[in-house]
file data_37.cif (mmCIF, N, CA and C atoms)
data_coords
#
loop_
_atom_site.label_atom_id
_atom_site.label_comp_id
_atom_site.auth_asym_id
_atom_site.auth_seq_id
_atom_site.Cartn_x
_atom_site.Cartn_y
_atom_site.Cartn_z
N MET A 30 -8.86 -10.68 -24.13
CA MET A 30 -7.61 -9.97 -23.93
C MET A 30 -6.63 -10.48 -24.97
N THR A 31 -5.91 -9.57 -25.57
CA THR A 31 -4.94 -9.99 -26.57
C THR A 31 -3.84 -10.80 -25.91
N SER A 32 -3.22 -11.65 -26.69
CA SER A 32 -2.16 -12.51 -26.17
C SER A 32 -0.98 -11.70 -25.65
N ILE A 33 -0.61 -10.63 -26.36
CA ILE A 33 0.53 -9.81 -25.93
C ILE A 33 0.21 -9.14 -24.60
N ARG A 34 -0.97 -8.53 -24.49
CA ARG A 34 -1.34 -7.88 -23.24
C ARG A 34 -1.43 -8.89 -22.11
N SER A 35 -1.95 -10.07 -22.39
CA SER A 35 -2.03 -11.13 -21.39
C SER A 35 -0.64 -11.52 -20.91
N ASP A 36 0.30 -11.63 -21.82
CA ASP A 36 1.68 -11.96 -21.46
C ASP A 36 2.30 -10.88 -20.60
N VAL A 37 2.06 -9.63 -20.95
CA VAL A 37 2.62 -8.51 -20.18
C VAL A 37 1.98 -8.48 -18.79
N LEU A 38 0.67 -8.69 -18.72
CA LEU A 38 0.00 -8.74 -17.43
C LEU A 38 0.55 -9.88 -16.58
N SER A 39 0.75 -11.04 -17.17
CA SER A 39 1.31 -12.18 -16.42
C SER A 39 2.70 -11.85 -15.87
N ARG A 40 3.52 -11.16 -16.68
CA ARG A 40 4.85 -10.76 -16.18
C ARG A 40 4.72 -9.79 -15.02
N ALA A 41 3.79 -8.83 -15.13
CA ALA A 41 3.61 -7.85 -14.05
C ALA A 41 3.16 -8.53 -12.76
N LEU A 42 2.36 -9.59 -12.89
CA LEU A 42 1.85 -10.28 -11.72
C LEU A 42 2.81 -11.30 -11.15
N ASP A 43 3.59 -11.95 -12.00
CA ASP A 43 4.32 -13.14 -11.57
C ASP A 43 5.83 -13.10 -11.71
N ALA A 44 6.35 -12.27 -12.57
CA ALA A 44 7.78 -12.34 -12.88
C ALA A 44 8.63 -11.87 -11.71
N PRO A 45 9.80 -12.47 -11.56
CA PRO A 45 10.73 -11.96 -10.56
C PRO A 45 11.05 -10.50 -10.87
N ALA A 46 11.25 -9.72 -9.84
CA ALA A 46 11.53 -8.29 -10.02
C ALA A 46 12.81 -7.94 -9.27
N GLU A 47 13.37 -6.82 -9.62
CA GLU A 47 14.55 -6.32 -8.94
C GLU A 47 14.27 -4.90 -8.50
N PRO A 48 14.15 -4.60 -7.24
CA PRO A 48 14.27 -5.55 -6.13
C PRO A 48 13.11 -6.53 -6.13
N SER A 49 13.29 -7.62 -5.41
CA SER A 49 12.28 -8.67 -5.43
C SER A 49 10.97 -8.18 -4.81
N LEU A 50 9.88 -8.63 -5.39
CA LEU A 50 8.55 -8.30 -4.90
C LEU A 50 7.78 -9.59 -4.64
N ARG A 51 7.04 -9.58 -3.58
CA ARG A 51 6.18 -10.73 -3.30
C ARG A 51 5.04 -10.76 -4.31
N PRO A 52 4.54 -11.94 -4.60
CA PRO A 52 3.38 -12.02 -5.50
C PRO A 52 2.12 -11.51 -4.79
N LEU A 53 1.17 -11.08 -5.56
CA LEU A 53 -0.13 -10.71 -5.01
C LEU A 53 -0.84 -11.97 -4.53
N PRO A 54 -1.78 -11.82 -3.60
CA PRO A 54 -2.58 -12.99 -3.22
C PRO A 54 -3.24 -13.59 -4.46
N PRO A 55 -3.32 -14.91 -4.54
CA PRO A 55 -3.86 -15.57 -5.74
C PRO A 55 -5.24 -15.06 -6.15
N GLU A 56 -6.12 -14.78 -5.18
CA GLU A 56 -7.46 -14.31 -5.53
C GLU A 56 -7.41 -12.91 -6.17
N VAL A 57 -6.43 -12.11 -5.79
CA VAL A 57 -6.30 -10.78 -6.39
C VAL A 57 -5.74 -10.91 -7.81
N ALA A 58 -4.73 -11.75 -7.99
CA ALA A 58 -4.19 -11.97 -9.34
C ALA A 58 -5.28 -12.49 -10.27
N LYS A 59 -6.10 -13.41 -9.77
CA LYS A 59 -7.21 -13.95 -10.57
C LYS A 59 -8.19 -12.84 -10.93
N LEU A 60 -8.51 -11.98 -9.97
CA LEU A 60 -9.42 -10.86 -10.23
C LEU A 60 -8.85 -9.93 -11.29
N LEU A 61 -7.58 -9.57 -11.17
CA LEU A 61 -6.96 -8.66 -12.15
C LEU A 61 -6.94 -9.27 -13.54
N ARG A 62 -6.69 -10.57 -13.62
CA ARG A 62 -6.73 -11.23 -14.93
C ARG A 62 -8.15 -11.20 -15.50
N SER A 63 -9.13 -11.46 -14.66
CA SER A 63 -10.52 -11.49 -15.15
C SER A 63 -10.98 -10.11 -15.60
N LEU A 64 -10.43 -9.06 -15.00
CA LEU A 64 -10.77 -7.69 -15.37
C LEU A 64 -9.92 -7.16 -16.51
N GLU A 65 -8.97 -7.98 -16.97
CA GLU A 65 -8.03 -7.55 -18.00
C GLU A 65 -7.36 -6.24 -17.59
N ALA A 66 -6.86 -6.23 -16.36
CA ALA A 66 -6.24 -5.04 -15.80
C ALA A 66 -5.03 -4.61 -16.62
N PRO A 67 -4.82 -3.31 -16.72
CA PRO A 67 -3.61 -2.83 -17.38
C PRO A 67 -2.37 -3.34 -16.61
N PRO A 68 -1.36 -3.82 -17.31
CA PRO A 68 -0.17 -4.33 -16.64
C PRO A 68 0.45 -3.32 -15.68
N ARG A 69 0.41 -2.04 -16.06
CA ARG A 69 0.97 -1.00 -15.19
C ARG A 69 0.25 -0.99 -13.84
N LEU A 70 -1.05 -1.18 -13.85
CA LEU A 70 -1.83 -1.22 -12.62
C LEU A 70 -1.44 -2.44 -11.79
N ALA A 71 -1.31 -3.59 -12.44
CA ALA A 71 -0.93 -4.81 -11.72
C ALA A 71 0.44 -4.64 -11.06
N ALA A 72 1.37 -4.06 -11.77
CA ALA A 72 2.70 -3.83 -11.21
C ALA A 72 2.64 -2.88 -10.01
N HIS A 73 1.84 -1.85 -10.13
CA HIS A 73 1.67 -0.89 -9.02
C HIS A 73 1.07 -1.59 -7.80
N LEU A 74 0.02 -2.36 -8.01
CA LEU A 74 -0.62 -3.05 -6.89
C LEU A 74 0.33 -4.04 -6.24
N ARG A 75 1.13 -4.70 -7.03
CA ARG A 75 2.11 -5.65 -6.49
C ARG A 75 3.15 -4.92 -5.63
N ALA A 76 3.60 -3.76 -6.08
CA ALA A 76 4.58 -2.99 -5.31
C ALA A 76 3.98 -2.48 -4.00
N VAL A 77 2.76 -1.96 -4.06
CA VAL A 77 2.10 -1.47 -2.85
C VAL A 77 1.86 -2.62 -1.88
N HIS A 78 1.42 -3.75 -2.38
CA HIS A 78 1.21 -4.93 -1.53
C HIS A 78 2.51 -5.34 -0.85
N ASP A 79 3.60 -5.31 -1.59
CA ASP A 79 4.89 -5.70 -1.02
C ASP A 79 5.28 -4.77 0.13
N VAL A 80 5.09 -3.48 -0.05
CA VAL A 80 5.39 -2.53 1.03
C VAL A 80 4.46 -2.76 2.21
N ALA A 81 3.20 -3.07 1.95
CA ALA A 81 2.25 -3.34 3.03
C ALA A 81 2.68 -4.55 3.85
N VAL A 82 3.22 -5.57 3.20
CA VAL A 82 3.72 -6.75 3.94
C VAL A 82 4.85 -6.31 4.88
N GLU A 83 5.77 -5.51 4.36
CA GLU A 83 6.88 -5.02 5.20
C GLU A 83 6.36 -4.23 6.40
N LEU A 84 5.42 -3.33 6.15
CA LEU A 84 4.87 -2.51 7.23
C LEU A 84 4.09 -3.35 8.24
N ALA A 85 3.30 -4.28 7.76
CA ALA A 85 2.53 -5.15 8.67
C ALA A 85 3.47 -5.98 9.53
N ASP A 86 4.52 -6.50 8.94
CA ASP A 86 5.50 -7.28 9.71
C ASP A 86 6.20 -6.40 10.74
N TRP A 87 6.54 -5.18 10.36
CA TRP A 87 7.20 -4.26 11.28
C TRP A 87 6.29 -3.93 12.47
N VAL A 88 5.02 -3.62 12.17
CA VAL A 88 4.08 -3.29 13.24
C VAL A 88 3.91 -4.48 14.17
N GLN A 89 3.76 -5.66 13.60
CA GLN A 89 3.57 -6.86 14.41
C GLN A 89 4.78 -7.13 15.31
N GLY A 90 5.98 -6.92 14.77
CA GLY A 90 7.19 -7.14 15.55
C GLY A 90 7.41 -6.07 16.62
N ARG A 91 7.06 -4.85 16.31
CA ARG A 91 7.29 -3.72 17.22
C ARG A 91 6.18 -3.58 18.26
N TYR A 92 4.95 -3.86 17.84
CA TYR A 92 3.79 -3.69 18.72
C TYR A 92 2.92 -4.95 18.71
N PRO A 93 3.43 -6.05 19.26
CA PRO A 93 2.69 -7.32 19.17
C PRO A 93 1.32 -7.29 19.85
N GLU A 94 1.12 -6.38 20.78
CA GLU A 94 -0.17 -6.30 21.47
C GLU A 94 -1.23 -5.57 20.64
N LEU A 95 -0.82 -4.90 19.59
CA LEU A 95 -1.75 -4.16 18.74
C LEU A 95 -2.54 -5.12 17.85
N ALA A 96 -3.85 -5.03 17.90
CA ALA A 96 -4.69 -5.90 17.08
C ALA A 96 -4.78 -5.32 15.66
N VAL A 97 -4.25 -6.05 14.70
CA VAL A 97 -4.27 -5.64 13.30
C VAL A 97 -4.75 -6.83 12.48
N ASP A 98 -5.72 -6.60 11.63
CA ASP A 98 -6.19 -7.65 10.73
C ASP A 98 -5.25 -7.65 9.51
N ARG A 99 -4.17 -8.40 9.63
CA ARG A 99 -3.12 -8.42 8.61
C ARG A 99 -3.68 -8.79 7.23
N ASP A 100 -4.55 -9.78 7.18
CA ASP A 100 -5.12 -10.21 5.89
C ASP A 100 -5.91 -9.08 5.24
N ALA A 101 -6.68 -8.34 6.04
CA ALA A 101 -7.47 -7.23 5.49
C ALA A 101 -6.56 -6.11 4.99
N VAL A 102 -5.50 -5.82 5.75
CA VAL A 102 -4.56 -4.78 5.32
C VAL A 102 -3.92 -5.16 3.99
N LEU A 103 -3.46 -6.40 3.90
CA LEU A 103 -2.77 -6.84 2.67
C LEU A 103 -3.73 -6.92 1.49
N PHE A 104 -4.96 -7.38 1.73
CA PHE A 104 -5.94 -7.42 0.65
C PHE A 104 -6.27 -6.00 0.19
N GLY A 105 -6.43 -5.09 1.13
CA GLY A 105 -6.71 -3.70 0.78
C GLY A 105 -5.58 -3.08 -0.02
N ALA A 106 -4.35 -3.35 0.37
CA ALA A 106 -3.20 -2.82 -0.37
C ALA A 106 -3.17 -3.38 -1.79
N ALA A 107 -3.51 -4.66 -1.91
CA ALA A 107 -3.45 -5.33 -3.21
C ALA A 107 -4.59 -4.93 -4.15
N THR A 108 -5.64 -4.33 -3.61
CA THR A 108 -6.81 -4.01 -4.44
C THR A 108 -7.20 -2.53 -4.40
N HIS A 109 -6.41 -1.70 -3.74
CA HIS A 109 -6.84 -0.32 -3.48
C HIS A 109 -7.13 0.49 -4.74
N ASP A 110 -6.55 0.17 -5.85
CA ASP A 110 -6.78 0.92 -7.10
C ASP A 110 -7.48 0.09 -8.17
N VAL A 111 -8.15 -0.97 -7.79
CA VAL A 111 -8.75 -1.87 -8.77
C VAL A 111 -9.78 -1.15 -9.65
N GLY A 112 -10.38 -0.08 -9.16
CA GLY A 112 -11.33 0.69 -9.95
C GLY A 112 -10.70 1.32 -11.18
N LYS A 113 -9.39 1.41 -11.20
CA LYS A 113 -8.71 1.98 -12.36
C LYS A 113 -8.76 1.05 -13.57
N THR A 114 -9.25 -0.16 -13.39
CA THR A 114 -9.47 -1.02 -14.56
C THR A 114 -10.61 -0.44 -15.39
N VAL A 115 -11.53 0.26 -14.74
CA VAL A 115 -12.66 0.90 -15.42
C VAL A 115 -12.28 2.31 -15.88
N HIS A 116 -11.36 2.94 -15.16
CA HIS A 116 -10.93 4.31 -15.46
C HIS A 116 -9.41 4.35 -15.64
N PRO A 117 -8.89 3.69 -16.68
CA PRO A 117 -7.43 3.60 -16.85
C PRO A 117 -6.75 4.95 -17.07
N GLU A 118 -7.50 5.97 -17.45
CA GLU A 118 -6.89 7.29 -17.63
C GLU A 118 -6.33 7.82 -16.31
N GLU A 119 -6.83 7.29 -15.17
CA GLU A 119 -6.34 7.71 -13.87
C GLU A 119 -4.97 7.11 -13.54
N LEU A 120 -4.49 6.18 -14.38
CA LEU A 120 -3.15 5.64 -14.16
C LEU A 120 -2.07 6.67 -14.44
N SER A 121 -2.38 7.63 -15.27
CA SER A 121 -1.36 8.63 -15.61
C SER A 121 -1.85 10.07 -15.36
N GLY A 122 -3.03 10.21 -14.81
CA GLY A 122 -3.58 11.53 -14.54
C GLY A 122 -4.26 11.54 -13.19
N PRO A 123 -4.84 12.68 -12.85
CA PRO A 123 -5.52 12.76 -11.54
C PRO A 123 -6.71 11.82 -11.46
N GLY A 124 -6.94 11.32 -10.26
CA GLY A 124 -8.04 10.39 -10.05
C GLY A 124 -9.22 11.05 -9.39
#
call {"tool": "encode", "arguments": {"input": "data_37.cif", "output": "structure tokens"}}
result
Amino acid sequence: MTSIRSDVLSRALDAPAEPSLRPLPPEVAKLLRSLEAPPRLAAHLRAVHDVAVELADWVQGRYPELAVDRDAVLFGAATHDVGKTVHPEELSGPG
């Protein structure tokens, strides 16, 4: 991976954002780095993961009796488009 692309990917995964976004789980960030994921994809996955955390927390607070595998939901949100590392044209077109 080129140094510039690596730097951009690192910013997409780790940099503070406005509004603030939670970081992806470390194993997902490691996977995206190993796949040399497009930074745009990493930023998208980080945003979706952040919304999933909010929704999971809301569900847990509102319906505490509901059994939800929070870790699976968050991992799924963080990796739902990982196949686009192989098909990056789907980042800007139909999938």
call {"tool": "resolve_selection", "arguments": {"input": "data_37.cif", "expression": "the PyMOL selection byres ((chain A and resi 78) around 7)", "output": "list in words"}}
result
Arg51, Leu53, His73, Leu74, Arg75, Ala76, Val77, Asp79, Val80, Ala81, Val82, Glu83, Leu103, Ala106 and Ala107 of chain A
call {"tool": "atom_distance", "arguments": {"input": "data_37.cif", "atom1": "atom N of Gly112 (chain A)", "atom2": "atom N of Pro55 (chain A)"}}
result
17.1 Å
call {"tool": "atom_distance", "arguments": {"input": "data_37.cif", "atom1": "atom C of Leu120 (chain A)", "atom2": "atom N of Trp87 (chain A)"}}
result
28.8 Å
call {"tool": "closest_residue", "arguments": {"input": "data_37.cif", "among": "A:Gly105, A:Pro52, A:Ile33, A:Ala41", "to": "Leu70 (chain A)", "atoms": "only N, CA and C atoms"}}
result
A:Ala41
call {"tool": "closest_residue", "arguments": {"input": "data_37.cif", "among": "A:Ser39, A:Glu65, A:Pro45, A:Val102", "to": "Leu84 (chain A)", "atoms": "only C-alpha atoms"}}
result
A:Val102
call {"tool": "atom_distance", "arguments": {"input": "data_37.cif", "atom1": "atom N of Ser121 (chain A)", "atom2": "atom C of Arg69 (chain A)"}}
result
9.1 Å
call {"tool": "closest_residue", "arguments": {"input": "data_37.cif", "among": "A:Ser32, A:Leu95, A:Ala66, A:Gly90", "to": "Thr114 (chain A)", "atoms": "all atoms listed in the file"}}
result
A:Ala66
call {"tool": "select_by_dssp", "arguments": {"input": "data_37.cif", "residues": "region 69-124 of chain A", "states": "helix (DSSP H, G or I)", "output": "PyMOL selection string"}}
result
chain A and resi 69-91+99-108+111-114+117-120
call {"tool": "write_last_selection", "arguments": {"input": "data_37.cif", "atoms": "N, CA and C atoms", "output": "tab-separated table (two decimals), keeping the file's coordinate frame"}}
result
chain	number	residue	atom	x	y	z
A	69	ARG	N	0.41	-2.04	-16.06
A	69	ARG	CA	0.97	-1.00	-15.19
A	69	ARG	C	0.25	-0.99	-13.84
A	70	LEU	N	-1.05	-1.18	-13.85
A	70	LEU	CA	-1.83	-1.22	-12.62
A	70	LEU	C	-1.44	-2.44	-11.79
A	71	ALA	N	-1.31	-3.59	-12.44
A	71	ALA	CA	-0.93	-4.81	-11.72
A	71	ALA	C	0.44	-4.64	-11.06
A	72	ALA	N	1.37	-4.06	-11.77
A	72	ALA	CA	2.70	-3.83	-11.21
A	72	ALA	C	2.64	-2.88	-10.01
A	73	HIS	N	1.84	-1.85	-10.13
A	73	HIS	CA	1.67	-0.89	-9.02
A	73	HIS	C	1.07	-1.59	-7.80
A	74	LEU	N	0.02	-2.36	-8.01
A	74	LEU	CA	-0.62	-3.05	-6.89
A	74	LEU	C	0.33	-4.04	-6.24
A	75	ARG	N	1.13	-4.70	-7.03
A	75	ARG	CA	2.11	-5.65	-6.49
A	75	ARG	C	3.15	-4.92	-5.63
A	76	ALA	N	3.60	-3.76	-6.08
A	76	ALA	CA	4.58	-2.99	-5.31
A	76	ALA	C	3.98	-2.48	-4.00
A	77	VAL	N	2.76	-1.96	-4.06
A	77	VAL	CA	2.10	-1.47	-2.85
A	77	VAL	C	1.86	-2.62	-1.88
A	78	HIS	N	1.42	-3.75	-2.38
A	78	HIS	CA	1.21	-4.93	-1.53
A	78	HIS	C	2.51	-5.34	-0.85
A	79	ASP	N	3.60	-5.31	-1.59
A	79	ASP	CA	4.89	-5.70	-1.02
A	79	ASP	C	5.28	-4.77	0.13
A	80	VAL	N	5.09	-3.48	-0.05
A	80	VAL	CA	5.39	-2.53	1.03
A	80	VAL	C	4.46	-2.76	2.21
A	81	ALA	N	3.20	-3.07	1.95
A	81	ALA	CA	2.25	-3.34	3.03
A	81	ALA	C	2.68	-4.55	3.85
A	82	VAL	N	3.22	-5.57	3.20
A	82	VAL	CA	3.72	-6.75	3.94
A	82	VAL	C	4.85	-6.31	4.88
A	83	GLU	N	5.77	-5.51	4.36
A	83	GLU	CA	6.88	-5.02	5.20
A	83	GLU	C	6.36	-4.23	6.40
A	84	LEU	N	5.42	-3.33	6.15
A	84	LEU	CA	4.87	-2.51	7.23
A	84	LEU	C	4.09	-3.35	8.24
A	85	ALA	N	3.30	-4.28	7.76
A	85	ALA	CA	2.53	-5.15	8.67
A	85	ALA	C	3.47	-5.98	9.53
A	86	ASP	N	4.52	-6.50	8.94
A	86	ASP	CA	5.50	-7.28	9.71
A	86	ASP	C	6.20	-6.40	10.74
A	87	TRP	N	6.54	-5.18	10.36
A	87	TRP	CA	7.20	-4.26	11.28
A	87	TRP	C	6.29	-3.93	12.47
A	88	VAL	N	5.02	-3.62	12.17
A	88	VAL	CA	4.08	-3.29	13.24
A	88	VAL	C	3.91	-4.48	14.17
A	89	GLN	N	3.76	-5.66	13.60
A	89	GLN	CA	3.57	-6.86	14.41
A	89	GLN	C	4.78	-7.13	15.31
A	90	GLY	N	5.98	-6.92	14.77
A	90	GLY	CA	7.19	-7.14	15.55
A	90	GLY	C	7.41	-6.07	16.62
A	91	ARG	N	7.06	-4.85	16.31
A	91	ARG	CA	7.29	-3.72	17.22
A	91	ARG	C	6.18	-3.58	18.26
A	99	ARG	N	-4.17	-8.40	9.63
A	99	ARG	CA	-3.12	-8.42	8.61
A	99	ARG	C	-3.68	-8.79	7.23
A	100	ASP	N	-4.55	-9.78	7.18
A	100	ASP	CA	-5.12	-10.21	5.89
A	100	ASP	C	-5.91	-9.08	5.24
A	101	ALA	N	-6.68	-8.34	6.04
A	101	ALA	CA	-7.47	-7.23	5.49
A	101	ALA	C	-6.56	-6.11	4.99
A	102	VAL	N	-5.50	-5.82	5.75
A	102	VAL	CA	-4.56	-4.78	5.32
A	102	VAL	C	-3.92	-5.16	3.99
A	103	LEU	N	-3.46	-6.40	3.90
A	103	LEU	CA	-2.77	-6.84	2.67
A	103	LEU	C	-3.73	-6.92	1.49
A	104	PHE	N	-4.96	-7.38	1.73
A	104	PHE	CA	-5.94	-7.42	0.65
A	104	PHE	C	-6.27	-6.00	0.19
A	105	GLY	N	-6.43	-5.09	1.13
A	105	GLY	CA	-6.71	-3.70	0.78
A	105	GLY	C	-5.58	-3.08	-0.02
A	106	ALA	N	-4.35	-3.35	0.37
A	106	ALA	CA	-3.20	-2.82	-0.37
A	106	ALA	C	-3.17	-3.38	-1.79
A	107	ALA	N	-3.51	-4.66	-1.91
A	107	ALA	CA	-3.45	-5.33	-3.21
A	107	ALA	C	-4.59	-4.93	-4.15
A	108	THR	N	-5.64	-4.33	-3.61
A	108	THR	CA	-6.81	-4.01	-4.44
A	108	THR	C	-7.20	-2.53	-4.40
A	111	VAL	N	-8.15	-0.97	-7.79
A	111	VAL	CA	-8.75	-1.87	-8.77
A	111	VAL	C	-9.78	-1.15	-9.65
A	112	GLY	N	-10.38	-0.08	-9.16
A	112	GLY	CA	-11.33	0.69	-9.95
A	112	GLY	C	-10.70	1.32	-11.18
A	113	LYS	N	-9.39	1.41	-11.20
A	113	LYS	CA	-8.71	1.98	-12.36
A	113	LYS	C	-8.76	1.05	-13.57
A	114	THR	N	-9.25	-0.16	-13.39
A	114	THR	CA	-9.47	-1.02	-14.56
A	114	THR	C	-10.61	-0.44	-15.39
A	117	PRO	N	-8.89	3.69	-16.68
A	117	PRO	CA	-7.43	3.60	-16.85
A	117	PRO	C	-6.75	4.95	-17.07
A	118	GLU	N	-7.50	5.97	-17.45
A	118	GLU	CA	-6.89	7.29	-17.63
A	118	GLU	C	-6.33	7.82	-16.31
A	119	GLU	N	-6.83	7.29	-15.17
A	119	GLU	CA	-6.34	7.71	-13.87
A	119	GLU	C	-4.97	7.11	-13.54
A	120	LEU	N	-4.49	6.18	-14.38
A	120	LEU	CA	-3.15	5.64	-14.16
A	120	LEU	C	-2.07	6.67	-14.44
call {"tool": "closest_residue", "arguments": {"input": "data_37.cif", "among": "A:Leu60, A:Ala101, A:Ala96, A:Pro67", "to": "Lys113 (chain A)", "atoms": "all atoms listed in the file"}}
result
A:Pro67
call {"tool": "residues_near_point", "arguments": {"input": "data_37.cif", "point": "(2.1, -8.0, -13.0)", "cutoff": "6 Å", "atoms": "only C-alpha atoms", "output": "PDB file with N, CA and C atoms, in the coordinates of the input"}}
result
ATOM      1  N   LEU A  38       0.670  -8.690 -18.720  1.00  0.00           N
ATOM      2  CA  LEU A  38       0.000  -8.740 -17.430  1.00  0.00           C
ATOM      3  C   LEU A  38       0.550  -9.880 -16.580  1.00  0.00           C
ATOM      4  N   SER A  39       0.750 -11.040 -17.170  1.00  0.00           N
ATOM      5  CA  SER A  39       1.310 -12.180 -16.420  1.00  0.00           C
ATOM      6  C   SER A  39       2.700 -11.850 -15.870  1.00  0.00           C
ATOM      7  N   ARG A  40       3.520 -11.160 -16.680  1.00  0.00           N
ATOM      8  CA  ARG A  40       4.850 -10.760 -16.180  1.00  0.00           C
ATOM      9  C   ARG A  40       4.720  -9.790 -15.020  1.00  0.00           C
ATOM     10  N   ALA A  41       3.790  -8.830 -15.130  1.00  0.00           N
ATOM     11  CA  ALA A  41       3.610  -7.850 -14.050  1.00  0.00           C
ATOM     12  C   ALA A  41       3.160  -8.530 -12.760  1.00  0.00           C
ATOM     13  N   LEU A  42       2.360  -9.590 -12.890  1.00  0.00           N
ATOM     14  CA  LEU A  42       1.850 -10.280 -11.720  1.00  0.00           C
ATOM     15  C   LEU A  42       2.810 -11.300 -11.150  1.00  0.00           C
ATOM     16  N   ASP A  43       3.590 -11.950 -12.000  1.00  0.00           N
ATOM     17  CA  ASP A  43       4.320 -13.140 -11.570  1.00  0.00           C
ATOM     18  C   ASP A  43       5.830 -13.100 -11.710  1.00  0.00           C
ATOM     19  N   PRO A  68      -1.360  -3.820 -17.310  1.00  0.00           N
ATOM     20  CA  PRO A  68      -0.170  -4.330 -16.640  1.00  0.00           C
ATOM     21  C   PRO A  68       0.450  -3.320 -15.680  1.00  0.00           C
ATOM     22  N   ALA A  71      -1.310  -3.590 -12.440  1.00  0.00           N
ATOM     23  CA  ALA A  71      -0.930  -4.810 -11.720  1.00  0.00           C
ATOM     24  C   ALA A  71       0.440  -4.640 -11.060  1.00  0.00           C
ATOM     25  N   ALA A  72       1.370  -4.060 -11.770  1.00  0.00           N
ATOM     26  CA  ALA A  72       2.700  -3.830 -11.210  1.00  0.00           C
ATOM     27  C   ALA A  72       2.640  -2.880 -10.010  1.00  0.00           C
TER      28      ALA A  72
END
call {"tool": "closest_residue", "arguments": {"input": "data_37.cif", "among": "A:Val37, A:Val88, A:Leu64, A:Val97", "to": "Val115 (chain A)", "atoms": "all atoms listed in the file"}}
result
A:Leu64
